[in-house]
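**Q** My file is upload-v7.csv. It has CSV, C-alpha atoms:
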chain,number,residue,atom,x,y,z
A,1,MET,CA,-27.3,-3.2,-8.7
A,2,SER,CA,-26.9,0.6,-8.9
A,3,ASP,CA,-24.7,2.9,-11.0
A,4,ILE,CA,-21.8,4.4,-9.1
A,5,ARG,CA,-19.5,7.1,-10.5
A,6,ARG,CA,-15.9,6.7,-9.4
A,7,HIS,CA,-13.0,9.0,-9.8
A,8,ILE,CA,-10.1,6.6,-10.8
A,9,ARG,CA,-6.9,7.4,-9.1
A,10,ALA,CA,-3.3,6.4,-9.8
A,11,SER,CA,-0.5,6.6,-7.2
A,12,LEU,CA,3.2,5.8,-7.3
A,13,PHE,CA,4.8,3.5,-4.7
A,14,ILE,CA,8.1,5.0,-4.0
A,15,THR,CA,11.0,2.6,-3.5
A,16,ASN,CA,12.6,3.6,-0.3
A,17,GLN,CA,15.0,0.7,-0.6
A,18,ALA,CA,18.5,0.5,-2.2
A,19,LEU,CA,20.9,-2.3,-2.7
A,20,VAL,CA,23.4,-2.8,0.2
A,21,GLY,CA,26.6,-1.0,-0.8
A,22,ALA,CA,24.9,1.4,-3.2
A,23,ASP,CA,25.0,5.1,-2.8
A,24,VAL,CA,22.0,5.5,-0.5
A,25,ARG,CA,21.9,9.3,-0.9
A,26,LYS,CA,21.8,9.1,-4.7
A,27,ALA,CA,19.1,6.4,-4.5
A,28,PHE,CA,17.0,8.8,-2.3
A,29,GLU,CA,17.6,11.7,-4.7
A,30,ASP,CA,16.4,9.5,-7.5
A,31,GLN,CA,13.2,8.8,-5.7
A,32,LEU,CA,12.7,12.6,-5.3
A,33,LYS,CA,12.9,12.8,-9.1
A,34,LEU,CA,10.1,10.3,-9.4
A,35,CYS,CA,8.1,12.1,-6.9
A,36,ARG,CA,8.4,15.4,-8.8
A,37,ALA,CA,7.5,13.6,-12.1
A,38,VAL,CA,4.3,12.2,-10.7
A,39,ARG,CA,3.5,15.6,-9.0
A,40,ASP,CA,3.8,17.3,-12.4
A,41,GLY,CA,2.1,14.4,-14.2
A,42,GLY,CA,-1.3,14.6,-12.5
A,43,TRP,CA,-1.0,11.5,-10.3
A,44,HIS,CA,-2.9,11.3,-7.0
A,45,SER,CA,-0.3,10.3,-4.3
A,46,VAL,CA,3.0,8.8,-3.4
A,47,ILE,CA,3.2,5.9,-1.0
A,48,VAL,CA,6.2,4.3,0.9
A,49,GLY,CA,6.6,1.1,2.9
A,50,GLN,CA,8.2,0.1,6.1
A,51,HIS,CA,10.5,-2.7,7.2
A,52,PHE,CA,13.1,-3.1,10.0
A,53,LEU,CA,16.4,-5.0,9.8
A,54,SER,CA,16.2,-5.2,6.1
A,55,ASP,CA,19.6,-6.8,5.6
A,56,THR,CA,19.3,-7.4,1.8
A,57,PHE,CA,18.4,-3.8,1.2
A,58,THR,CA,18.9,-0.5,2.9
A,59,HIS,CA,15.5,0.8,3.9
A,60,LEU,CA,14.8,4.4,4.7
A,61,GLN,CA,12.2,4.7,7.4
A,62,PRO,CA,8.9,6.2,6.2
A,63,ILE,CA,8.3,9.1,8.7
A,64,PRO,CA,11.4,11.1,7.8
A,65,PHE,CA,11.0,10.1,4.1
A,66,LEU,CA,7.4,11.2,3.9
A,67,ALA,CA,8.2,14.4,5.8
A,68,ARG,CA,10.8,15.2,3.2
A,69,LEU,CA,8.4,14.2,0.3
A,70,ALA,CA,5.9,16.6,1.8
A,71,ALA,CA,8.1,19.5,0.6
A,72,GLU,CA,8.4,18.1,-2.9
A,73,SER,CA,5.0,16.7,-3.6
A,74,GLY,CA,2.7,19.7,-4.2
A,75,GLU,CA,-0.9,18.5,-3.7
A,76,LEU,CA,-0.1,14.8,-3.9
A,77,ARG,CA,-1.3,12.8,-1.0
A,78,LEU,CA,1.3,11.0,1.1
A,79,GLY,CA,0.7,7.4,2.1
A,80,ILE,CA,2.3,4.9,4.5
A,81,GLY,CA,1.8,1.5,3.0
A,82,ILE,CA,2.1,0.1,5.6
A,83,SER,CA,2.9,0.9,9.2
A,84,LEU,CA,3.7,-2.2,11.1
A,85,LEU,CA,1.3,-1.3,13.8
A,86,ALA,CA,1.6,-4.4,16.0
A,87,LEU,CA,5.3,-3.7,16.6
A,88,LEU,CA,5.0,-0.1,17.8
A,89,ASN,CA,3.5,1.9,20.7
A,90,PRO,CA,0.1,3.2,19.7
A,91,VAL,CA,0.7,6.6,21.4
A,92,GLU,CA,3.8,7.2,19.3
A,93,ILE,CA,2.0,6.1,16.1
A,94,ALA,CA,-1.0,8.4,16.9
A,95,GLU,CA,1.2,11.5,17.7
A,96,THR,CA,3.7,10.9,14.9
A,97,TYR,CA,1.2,10.4,12.0
A,98,ALA,CA,-1.0,13.2,13.3
A,99,SER,CA,2.1,15.4,13.1
A,100,LEU,CA,2.7,14.3,9.5
A,101,ASP,CA,-0.9,15.0,8.6
A,102,VAL,CA,-0.5,18.5,10.0
A,103,ILE,CA,2.9,19.1,8.4
A,104,SER,CA,1.6,18.0,5.0
A,105,GLY,CA,-1.5,20.1,5.1
A,106,GLY,CA,-3.9,17.1,5.6
A,107,ARG,CA,-2.6,14.8,2.9
A,108,LEU,CA,-1.9,11.6,4.9
A,109,ILE,CA,-3.2,8.2,3.9
A,110,PHE,CA,-2.8,5.9,6.9
A,111,GLY,CA,-2.1,2.3,5.9
A,112,VAL,CA,-1.6,-0.4,8.5
A,113,GLY,CA,-0.8,-4.1,8.4
A,114,LEU,CA,0.5,-7.0,10.4
A,115,GLY,CA,3.7,-7.7,8.5
A,116,TYR,CA,5.1,-11.2,8.2
A,117,ARG,CA,8.8,-11.2,9.1
A,118,ASP,CA,9.7,-13.1,12.3
A,119,VAL,CA,12.9,-11.1,12.7
A,120,GLU,CA,11.0,-7.9,13.0
A,121,TYR,CA,8.7,-9.3,15.7
A,122,ALA,CA,11.7,-10.7,17.6
A,123,ALA,CA,13.5,-7.4,17.4
A,124,PHE,CA,10.6,-5.6,19.2
A,125,GLY,CA,10.0,-8.4,21.7
A,126,VAL,CA,6.6,-9.2,20.3
A,127,ASN,CA,5.3,-12.8,20.3
A,128,THR,CA,3.9,-13.5,16.8
A,129,ALA,CA,1.1,-15.6,18.4
A,130,GLU,CA,-0.2,-12.4,19.9
A,131,ARG,CA,0.3,-10.1,16.9
A,132,VAL,CA,-3.4,-10.0,15.8
A,133,GLU,CA,-4.6,-9.1,19.3
A,134,ARG,CA,-1.9,-6.5,19.7
A,135,PHE,CA,-2.6,-5.1,16.2
A,136,GLU,CA,-6.3,-4.6,16.9
A,137,HIS,CA,-5.7,-3.1,20.4
A,138,ASN,CA,-3.2,-0.7,18.9
A,139,LEU,CA,-5.5,0.4,16.1
A,140,GLU,CA,-8.3,1.0,18.6
A,141,VAL,CA,-6.0,3.2,20.7
A,142,VAL,CA,-4.8,5.2,17.7
A,143,LEU,CA,-8.3,5.9,16.4
A,144,SER,CA,-9.6,6.7,19.9
A,145,LEU,CA,-6.9,9.3,20.4
A,146,TRP,CA,-7.5,10.8,17.0
A,147,ARG,CA,-11.1,11.2,17.8
A,148,GLY,CA,-10.2,13.2,20.8
A,149,ASP,CA,-11.6,10.6,23.2
A,150,ILE,CA,-10.5,10.4,26.8
A,151,VAL,CA,-8.7,7.0,26.7
A,152,ASP,CA,-8.3,4.4,29.5
A,153,VAL,CA,-6.0,1.5,28.5
A,154,ASP,CA,-4.3,-1.1,30.5
A,155,LEU,CA,-2.2,-3.2,28.2
A,156,PRO,CA,1.3,-4.8,28.9
A,157,TRP,CA,2.8,-2.4,26.4
A,158,CYS,CA,0.6,0.7,26.9
A,159,HIS,CA,-1.0,2.2,30.0
A,160,LEU,CA,-3.2,5.3,29.8
A,161,GLU,CA,-5.4,6.7,32.5
A,162,ARG,CA,-7.9,9.2,31.2
A,163,GLN,CA,-5.5,10.6,28.6
A,164,HIS,CA,-6.3,12.4,25.4
A,165,LEU,CA,-4.4,13.7,22.4
A,166,ALA,CA,-3.9,17.4,22.2
A,167,LEU,CA,-2.4,17.1,18.7
A,168,ARG,CA,-4.9,15.7,16.3
A,169,PRO,CA,-4.8,15.0,12.6
A,170,LEU,CA,-5.7,17.9,10.4
A,171,GLN,CA,-8.1,15.7,8.5
A,172,GLN,CA,-11.3,15.1,10.4
A,173,PRO,CA,-12.6,12.8,11.6
A,174,ARG,CA,-9.2,11.2,10.6
A,175,PRO,CA,-7.1,10.3,7.6
A,176,PRO,CA,-8.3,7.5,5.3
A,177,LEU,CA,-7.5,4.1,6.9
A,178,TRP,CA,-6.2,1.4,4.6
A,179,MET,CA,-5.4,-2.1,5.8
A,180,ALA,CA,-3.2,-4.6,4.0
A,181,ALA,CA,-4.3,-8.2,4.0
A,182,ASN,CA,-3.0,-11.4,2.5
A,183,SER,CA,-5.0,-14.3,4.0
A,184,ASP,CA,-8.7,-14.7,3.9
A,185,ALA,CA,-9.0,-14.1,7.6
A,186,ALA,CA,-7.0,-10.8,7.2
A,187,VAL,CA,-9.3,-9.7,4.4
A,188,LYS,CA,-12.3,-10.1,6.6
A,189,ARG,CA,-10.4,-8.1,9.3
A,190,ALA,CA,-9.8,-5.3,6.8
A,191,ALA,CA,-13.5,-5.3,5.9
A,192,ARG,CA,-14.5,-5.0,9.6
A,193,LEU,CA,-11.9,-2.5,10.8
A,194,ALA,CA,-10.7,-0.3,8.0
A,195,ASP,CA,-12.1,2.0,5.3
A,196,SER,CA,-10.4,0.1,2.5
A,197,TRP,CA,-8.6,-3.1,1.9
A,198,PHE,CA,-5.1,-2.2,0.5
A,199,ILE,CA,-4.8,-5.1,-2.0
A,200,ASN,CA,-1.2,-6.5,-2.1
A,201,PRO,CA,1.0,-6.7,-5.2
A,202,HIS,CA,2.0,-10.3,-4.7
A,203,ALA,CA,-1.2,-12.4,-5.1
A,204,THR,CA,-2.5,-13.4,-8.5
A,205,ARG,CA,-5.5,-11.8,-10.1
A,206,THR,CA,-7.3,-15.1,-9.7
A,207,THR,CA,-6.8,-15.1,-5.9
A,208,ILE,CA,-7.7,-11.5,-5.5
A,209,ALA,CA,-10.9,-12.0,-7.5
A,210,ARG,CA,-11.9,-14.8,-5.1
A,211,GLN,CA,-11.0,-12.7,-2.0
A,212,LEU,CA,-12.9,-9.7,-3.2
A,213,ALA,CA,-16.1,-11.7,-2.9
A,214,ILE,CA,-15.1,-12.5,0.7
A,215,TYR,CA,-14.3,-8.9,1.4
A,216,ARG,CA,-17.5,-7.5,0.1
A,217,GLN,CA,-19.6,-10.1,2.0
A,218,ALA,CA,-17.6,-9.3,5.2
A,219,ARG,CA,-18.4,-5.6,4.8
A,220,LEU,CA,-22.0,-6.4,4.4
A,221,ASP,CA,-21.9,-8.6,7.5
A,222,ALA,CA,-20.3,-5.7,9.4
A,223,GLY,CA,-23.2,-3.4,8.4
A,224,LYS,CA,-21.3,-1.5,5.8
A,225,LEU,CA,-21.8,-0.8,2.1
A,226,THR,CA,-20.5,-3.7,0.1
A,227,ASP,CA,-18.2,-1.4,-1.8
A,228,PRO,CA,-15.6,0.7,0.2
A,229,PRO,CA,-15.1,4.4,-0.2
A,230,GLU,CA,-12.2,3.4,-2.5
A,231,LEU,CA,-10.6,0.1,-3.5
A,232,PRO,CA,-6.8,0.5,-3.7
A,233,LEU,CA,-4.7,-2.1,-5.5
A,234,MET,CA,-0.9,-2.2,-5.6
A,235,ARG,CA,0.7,-3.8,-8.7
A,236,GLU,CA,4.1,-4.2,-10.1
A,237,VAL,CA,3.9,-2.4,-13.5
A,238,PHE,CA,6.5,-1.7,-16.1
A,239,CYS,CA,5.7,0.0,-19.4
A,240,ALA,CA,8.0,-0.1,-22.5
A,241,PRO,CA,7.5,0.1,-26.2
A,242,THR,CA,7.1,-3.7,-26.4
A,243,ARG,CA,6.5,-6.5,-23.9
A,244,ALA,CA,9.9,-8.0,-24.8
A,245,GLU,CA,11.6,-4.7,-23.8
A,246,ALA,CA,9.5,-4.5,-20.6
A,247,LEU,CA,10.6,-8.0,-19.6
A,248,ALA,CA,14.2,-7.3,-20.5
A,249,LEU,CA,14.4,-4.0,-18.6
A,250,ALA,CA,12.3,-4.9,-15.5
A,251,GLY,CA,12.7,-8.6,-15.3
A,252,PRO,CA,16.1,-8.8,-13.5
A,253,TYR,CA,15.0,-6.3,-10.8
A,254,LEU,CA,11.6,-8.0,-10.2
A,255,ALA,CA,13.3,-11.4,-10.0
A,256,GLN,CA,15.7,-10.1,-7.4
A,257,LYS,CA,12.9,-8.4,-5.4
A,258,TYR,CA,10.7,-11.5,-5.3
A,259,GLY,CA,13.7,-13.7,-4.5
A,260,VAL,CA,14.2,-11.5,-1.4
A,261,TYR,CA,10.5,-11.8,-0.7
A,262,ALA,CA,10.7,-15.5,-0.8
A,263,SER,CA,13.7,-15.5,1.6
A,264,TRP,CA,11.7,-13.3,3.9
A,265,GLY,CA,8.7,-15.7,3.8
A,266,GLN,CA,6.3,-13.3,2.1
A,267,ASP,CA,4.8,-16.0,-0.1
A,268,LYS,CA,4.2,-18.2,3.0
A,269,VAL,CA,1.4,-15.9,4.2
A,270,LEU,CA,-0.3,-15.8,0.8
A,271,PRO,CA,-3.4,-18.0,0.3
A,272,ASP,CA,-3.9,-20.7,-2.4
A,273,HIS,CA,-0.4,-22.3,-1.8
A,274,ASP,CA,1.3,-19.6,-3.9
A,275,SER,CA,5.1,-19.5,-4.2
A,276,PHE,CA,7.6,-17.1,-5.5
A,277,ILE,CA,10.1,-19.8,-6.3
A,278,ARG,CA,9.4,-20.2,-10.0
A,279,PRO,CA,10.8,-19.0,-13.3
A,280,LEU,CA,10.2,-15.3,-14.1
A,281,ASP,CA,7.7,-16.0,-16.9
A,282,ASP,CA,5.6,-18.1,-14.6
A,283,LEU,CA,5.9,-15.6,-11.7
A,284,THR,CA,4.7,-12.7,-13.8
A,285,SER,CA,1.7,-14.5,-15.2
A,286,ASP,CA,-1.6,-13.3,-13.7
A,287,ARG,CA,0.4,-11.2,-11.3
A,288,PHE,CA,2.5,-8.4,-12.8
A,289,VAL,CA,1.6,-5.9,-15.5
A,290,LEU,CA,4.5,-5.7,-18.0
A,291,GLY,CA,4.3,-4.7,-21.6
A,292,SER,CA,3.5,-1.9,-24.1
A,293,PRO,CA,1.2,0.9,-23.2
A,294,GLU,CA,-1.6,-0.9,-24.9
A,295,GLU,CA,-0.9,-4.1,-23.1
A,296,CYS,CA,-0.6,-2.4,-19.7
A,297,LEU,CA,-3.8,-0.5,-20.2
A,298,SER,CA,-5.7,-3.6,-21.2
A,299,GLU,CA,-4.7,-5.4,-18.0
A,300,LEU,CA,-5.3,-2.5,-15.7
A,301,LEU,CA,-8.7,-1.9,-17.3
A,302,ASP,CA,-9.7,-5.4,-16.5
A,303,TRP,CA,-8.9,-4.7,-12.8
A,304,ARG,CA,-11.0,-1.6,-13.1
A,305,ASP,CA,-14.0,-2.8,-15.1
A,306,GLN,CA,-14.2,-6.4,-13.9
A,307,LEU,CA,-13.2,-6.1,-10.2
A,308,GLY,CA,-14.0,-2.6,-9.3
A,309,VAL,CA,-10.5,-1.3,-8.5
A,310,ASP,CA,-10.6,2.5,-8.5
A,311,HIS,CA,-7.2,3.4,-7.0
A,312,PHE,CA,-4.1,2.0,-8.7
A,313,VAL,CA,-0.9,2.0,-6.6
A,314,ILE,CA,1.8,1.4,-9.1
A,315,ARG,CA,5.4,0.4,-8.4
A,316,THR,CA,7.6,0.8,-11.5
A,317,ASP,CA,11.0,1.1,-9.9
A,318,TRP,CA,12.9,-1.5,-7.8
A,319,ALA,CA,16.1,-1.5,-5.9
A,320,GLY,CA,19.1,-1.2,-8.2
A,321,MET,CA,17.2,-0.1,-11.3
A,322,PRO,CA,18.8,2.9,-13.0
A,323,ILE,CA,16.6,6.0,-12.6
A,324,GLU,CA,16.5,6.5,-16.4
A,325,VAL,CA,14.9,3.1,-16.9
A,326,ALA,CA,12.3,3.8,-14.3
A,327,MET,CA,11.6,7.3,-15.7
A,328,GLY,CA,11.0,5.8,-19.1
A,329,SER,CA,8.3,3.5,-17.8
A,330,LEU,CA,6.8,6.4,-15.8
A,331,ARG,CA,6.6,8.7,-18.8
A,332,LEU,CA,4.7,6.1,-20.8
A,333,LEU,CA,2.3,5.4,-18.0
A,334,THR,CA,1.7,9.1,-17.5
A,335,ASP,CA,1.3,10.0,-21.2
A,336,GLU,CA,-0.4,6.9,-22.6
A,337,VAL,CA,-1.9,4.8,-19.9
A,338,LEU,CA,-3.4,6.9,-17.2
A,339,PRO,CA,-5.3,9.4,-19.4
A,340,ILE,CA,-7.6,6.5,-20.4
A,341,LEU,CA,-7.4,4.4,-17.2
A,342,CYS,CA,-8.3,7.4,-15.1
A,343,GLU,CA,-11.0,8.8,-17.3
A,344,VAL,CA,-13.1,10.9,-15.0
A,345,PRO,CA,-15.8,10.3,-14.0
A,346,TYR,CA,-15.9,6.5,-14.7
A,347,LYS,CA,-19.2,4.9,-14.5
A,348,ARG,CA,-19.6,1.3,-13.4
A,349,SER,CA,-22.2,-1.0,-11.9
A,350,ALA,CA,-21.7,-2.3,-8.5
A,351,THR,CA,-23.7,-3.6,-5.5
A,352,SER,CA,-24.0,-0.9,-2.8
A,353,SER,CA,-26.7,-2.3,-0.5
A,354,ARG,CA,-26.3,-2.8,3.2
Go ahead and express the file in the form of structure tokens.

**A**
Amino acid sequence: MSDIRRHIRASLFITNQALVGADVRKAFEDQLKLCRAVRDGGWHSVIVGQHFLSDTFTHLQPIPFLARLAAESGELRLGIGISLLALLNPVEIAETYASLDVISGGRLIFGVGLGYRDVEYAAFGVNTAERVERFEHNLEVVLSLWRGDIVDVDLPWCHLERQHLALRPLQQPRPPLWMAANSDAAVKRAARLADSWFINPHATRTTIARQLAIYRQARLDAGKLTDPPELPLMREVFCAPTRAEALALAGPYLAQKYGVYASWGQDKVLPDHDSFIRPLDDLTSDRFVLGSPEECLSELLDWRDQLGVDHFVIRTDWAGMPIEVAMGSLRLLTDEVLPILCEVPYKRSATSSR
């Protein structure tokens, strides 16, 4: 065991979704307000997701969204959480995200993952049985191009003969690489291939605690330090004066969101036979962080102190929620939770051997 000093970070997951039929432009402008609030409130970054053919929600695509946020976000980092890498051409991904890193002044966090929706794979003509192989090949191509390597690749979806990338990311050797993972096998993949496992918001704390042991052992097996450069965790968090108010204000939007996740099959890829088809009180238990500032802080401190999380990616706004309600939670988090949660530097004990 050795003492490690960590700078604890907090980032906001921006909801680039809106209900079908809603004013999409207003929903986008509301997210800009949240971005400005975290920019001025000392947060670390803003992160957006990616889906295609999201028929339940409208879903703004991340590249134009992040490029627009770059102009509003000051020194905040800009994250993609996650790029559906197996669906896309790796040359386009390498060039596009290198461009974003340059435009933002070197503020990109590059998050990747497999995704789980069959409709997305069918739309791009990708066989789901080949998705892991395709994902790993694409990631290798992107990273090779970003390194400035001369690349030879002969894949059914990408052919390169001694090509290199003239446009490279501003960050060198590259932007931080996060990898989302749900299953135990995917957690091991993240340990092997990425800088950090981007822990999902869906699994319970009990499951994540079990998987963190798998993750750290897999890093050790890969010849890495057991602890990654940073350990980012995404959680659904809503803060109000009391837990009852938090449940009343956030509950309907969380229930709607996770009902959609269930219809998309998100819970089918989670380990430990988890399911989102359950009453809200049961769904929130050991999973979401809802309550007063003191209650939210207590739960988040457990993730920090007991499990070693040092980068909290918080979503406190969901499609359809009035911006004033989301802003109320954000203010309490900024003023009363983060100053203690992100006390700098934070000292903890952790294994760090090879």

**Q** Between A:Val337, A:Leu233, A:Ala98, A:Ala22, which is the closest to Pro169 in chain A once you count only C-alpha atoms?

**A**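 That would be A:Ala98, the residue with the smallest distance to Pro169 in chain A.
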
**Q** Calculated over only C-alpha atoms, which of the candidates A:Leu108, A:Leu32, A:Ile93, A:Ala18 has the smallest distance to Leu60 in chain A?

**A** A:Ala18

**Q** Of the candidates A:Asp118, A:Arg331, A:Ser196, A:Pro293, which one gets nearest to Ser54 in chain A if we count only C-alpha atoms?

**A** A:Asp118

**Q** With distances taken over all atoms listed in the file, which of A:Thr334, A:Asn127, A:Asn16, A:Asn138 is nearest to Cys158 in chain A?

**A**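 When distances to Cys158 in chain A are compared using all atoms listed in the file, the smallest one comes from A:Asn138.
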
**Q** Please measure the separation of CA of Leu249 in chain A and CA of Asp302 in chain A, giving the value in Å to one decimal.

**A**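 Straight-line distance from CA of Leu249 in chain A to CA of Asp302 in chain A works out to 24.2 Å.
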
**Q** Between CA of Lys257 in chain A and CA of His202 in chain A, what distance in Å does the model show, to one decimal?

**A**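 Rounded to one decimal, the two atoms are 11.1 Å apart.
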
**Q** Could you tell me which of A:Ser263, A:Ser99, A:Ala185, A:Gly320 comes closest to Lys26 in chain A if we count all atoms listed in the file?

**A** A:Gly320

**Q** What does the distance between CA of Pro90 in chain A and CA of Arg77 in chain A come to in Å, to one decimal place?

**A**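 Going from CA of Pro90 in chain A over to CA of Arg77 in chain A, I get 22.9 Å.
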
**Q** Env of Val237 in chain A: 8 Å cut, atoms = all atoms listed in the file, seq-sep filter 6 positions within chain, self excluded. Answer as an MDAnalysis selection string.

**A** chainID A and resid 288:290 296 314:316

**Q** Would you mind exporting the chosen residues as a compact mmCIF listing (two decimals), in the frame of the given file, restricted to C-alpha atoms?

**A**
# COMPACT_ATOMS: atom_id res chain seq x y z
CA PHE A 288 2.50 -8.40 -12.80
CA VAL A 289 1.60 -5.90 -15.50
CA LEU A 290 4.50 -5.70 -18.00
CA CYS A 296 -0.60 -2.40 -19.70
CA ILE A 314 1.80 1.40 -9.10
CA ARG A 315 5.40 0.40 -8.40
CA THR A 316 7.60 0.80 -11.50

**Q** Give the answer as one residue: which of A:Arg9, A:Gly115, A:His164, A:Glu295 has the shortest atom-to-atom distance to Thr242 in chain A, using all atoms listed in the file?

**A**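 Once distances to Thr242 in chain A are computed over all atoms listed in the file, the minimum belongs to A:Glu295.
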
**Q** Near Leu212 in chain A, within 10 Å and counting all atoms listed in the file, which residues show up once chain neighbours fewer than 3 positions away are dropped, as an mmCIF file with C-alpha atoms, keeping the file's coordinate frame?

**A**
data_model
loop_
_atom_site.group_PDB
_atom_site.id
_atom_site.type_symbol
_atom_site.label_atom_id
_atom_site.label_comp_id
_atom_site.auth_asym_id
_atom_site.auth_seq_id
_atom_site.Cartn_x
_atom_site.Cartn_y
_atom_site.Cartn_z
ATOM 1 C CA ASP A 184 -8.700 -14.700 3.900
ATOM 2 C CA VAL A 187 -9.300 -9.700 4.400
ATOM 3 C CA LYS A 188 -12.300 -10.100 6.600
ATOM 4 C CA TRP A 197 -8.600 -3.100 1.900
ATOM 5 C CA ILE A 199 -4.800 -5.100 -2.000
ATOM 6 C CA THR A 207 -6.800 -15.100 -5.900
ATOM 7 C CA ILE A 208 -7.700 -11.500 -5.500
ATOM 8 C CA ALA A 209 -10.900 -12.000 -7.500
ATOM 9 C CA TYR A 215 -14.300 -8.900 1.400
ATOM 10 C CA ARG A 216 -17.500 -7.500 0.100
ATOM 11 C CA GLN A 217 -19.600 -10.100 2.000
ATOM 12 C CA ALA A 218 -17.600 -9.300 5.200
ATOM 13 C CA ASP A 227 -18.200 -1.400 -1.800
ATOM 14 C CA LEU A 307 -13.200 -6.100 -10.200
ATOM 15 C CA GLY A 308 -14.000 -2.600 -9.300
#

**Q** Anything within 12 Å of (-1.1, -4.0, 18.9): list those residues as a ChimeraX atom specification, counting only C-alpha atoms and sticking to the file's coordinates.

**A** /A:83-91,93,112-114,121,124,126-142,155-158

**Q** Skip Val309 in chain A itself and residues of its chain fewer than 2 positions away, then list as a ChimeraX atom specification all residues within 7 Å of it, counting all atoms listed in the file.

**A** /A:231-233,303-304,307,311

**Q** Show me, as a list of chain:residue names, the residues that have an atom within 8 Å of Glu120 in chain A when counting all atoms listed in the file, minus same-chain residues fewer than 3 positions from it.

**A**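 Contacts, with the query itself left out: A:His51, A:Phe52, A:Leu53, A:Leu87, A:Arg117, A:Ala123, A:Phe124.
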
**Q** Just so I have it separately, write range 163-206 of chain A from the block I sent, keeping C-alpha atoms, as a PDB file, in the first residue's frame.

**A**
ATOM      1  CA  GLN A 163      -0.896   6.395 -44.948  1.00  0.00           C
ATOM      2  CA  HIS A 164      -0.359   8.840 -42.109  1.00  0.00           C
ATOM      3  CA  LEU A 165      -2.396  11.607 -40.525  1.00  0.00           C
ATOM      4  CA  ALA A 166      -1.189  15.121 -41.260  1.00  0.00           C
ATOM      5  CA  LEU A 167      -3.687  16.575 -38.754  1.00  0.00           C
ATOM      6  CA  ARG A 168      -2.964  15.283 -35.284  1.00  0.00           C
ATOM      7  CA  PRO A 169      -4.490  16.094 -31.890  1.00  0.00           C
ATOM      8  CA  LEU A 170      -3.086  19.092 -30.066  1.00  0.00           C
ATOM      9  CA  GLN A 171      -2.619  16.958 -26.952  1.00  0.00           C
ATOM     10  CA  GLN A 172       0.405  14.727 -27.240  1.00  0.00           C
ATOM     11  CA  PRO A 173       0.815  11.860 -27.338  1.00  0.00           C
ATOM     12  CA  ARG A 174      -3.007  11.946 -27.527  1.00  0.00           C
ATOM     13  CA  PRO A 175      -6.136  12.928 -25.580  1.00  0.00           C
ATOM     14  CA  PRO A 176      -7.053  10.837 -22.519  1.00  0.00           C
ATOM     15  CA  LEU A 177      -8.698   7.571 -23.582  1.00  0.00           C
ATOM     16  CA  TRP A 178     -11.700   6.391 -21.567  1.00  0.00           C
ATOM     17  CA  MET A 179     -13.518   3.156 -22.336  1.00  0.00           C
ATOM     18  CA  ALA A 180     -17.042   2.338 -21.218  1.00  0.00           C
ATOM     19  CA  ALA A 181     -17.694  -1.215 -20.078  1.00  0.00           C
ATOM     20  CA  ASN A 182     -20.673  -3.081 -18.644  1.00  0.00           C
ATOM     21  CA  SER A 183     -19.836  -6.789 -18.653  1.00  0.00           C
ATOM     22  CA  ASP A 184     -16.905  -8.344 -16.827  1.00  0.00           C
ATOM     23  CA  ALA A 185     -15.238  -9.133 -20.172  1.00  0.00           C
ATOM     24  CA  ALA A 186     -15.589  -5.509 -21.273  1.00  0.00           C
ATOM     25  CA  VAL A 187     -14.109  -4.313 -17.974  1.00  0.00           C
ATOM     26  CA  LYS A 188     -11.029  -6.449 -18.664  1.00  0.00           C
ATOM     27  CA  ARG A 189     -10.865  -4.978 -22.179  1.00  0.00           C
ATOM     28  CA  ALA A 190     -10.930  -1.463 -20.767  1.00  0.00           C
ATOM     29  CA  ALA A 191      -8.084  -2.374 -18.418  1.00  0.00           C
ATOM     30  CA  ARG A 192      -6.029  -3.688 -21.322  1.00  0.00           C
ATOM     31  CA  LEU A 193      -6.700  -1.071 -23.997  1.00  0.00           C
ATOM     32  CA  ALA A 194      -7.624   2.245 -22.358  1.00  0.00           C
ATOM     33  CA  ASP A 195      -6.227   4.754 -19.902  1.00  0.00           C
ATOM     34  CA  SER A 196      -9.350   4.604 -17.755  1.00  0.00           C
ATOM     35  CA  TRP A 197     -12.531   2.589 -17.338  1.00  0.00           C
ATOM     36  CA  PHE A 198     -15.476   4.977 -17.704  1.00  0.00           C
ATOM     37  CA  ILE A 199     -17.817   3.454 -15.131  1.00  0.00           C
ATOM     38  CA  ASN A 200     -21.443   3.474 -16.282  1.00  0.00           C
ATOM     39  CA  PRO A 201     -24.337   5.098 -14.396  1.00  0.00           C
ATOM     40  CA  HIS A 202     -26.590   2.064 -14.624  1.00  0.00           C
ATOM     41  CA  ALA A 203     -24.989  -0.648 -12.508  1.00  0.00           C
ATOM     42  CA  THR A 204     -25.398  -0.783  -8.749  1.00  0.00           C
ATOM     43  CA  ARG A 205     -22.634   0.124  -6.358  1.00  0.00           C
ATOM     44  CA  THR A 206     -22.418  -3.534  -5.309  1.00  0.00           C
TER      45      THR A 206
END
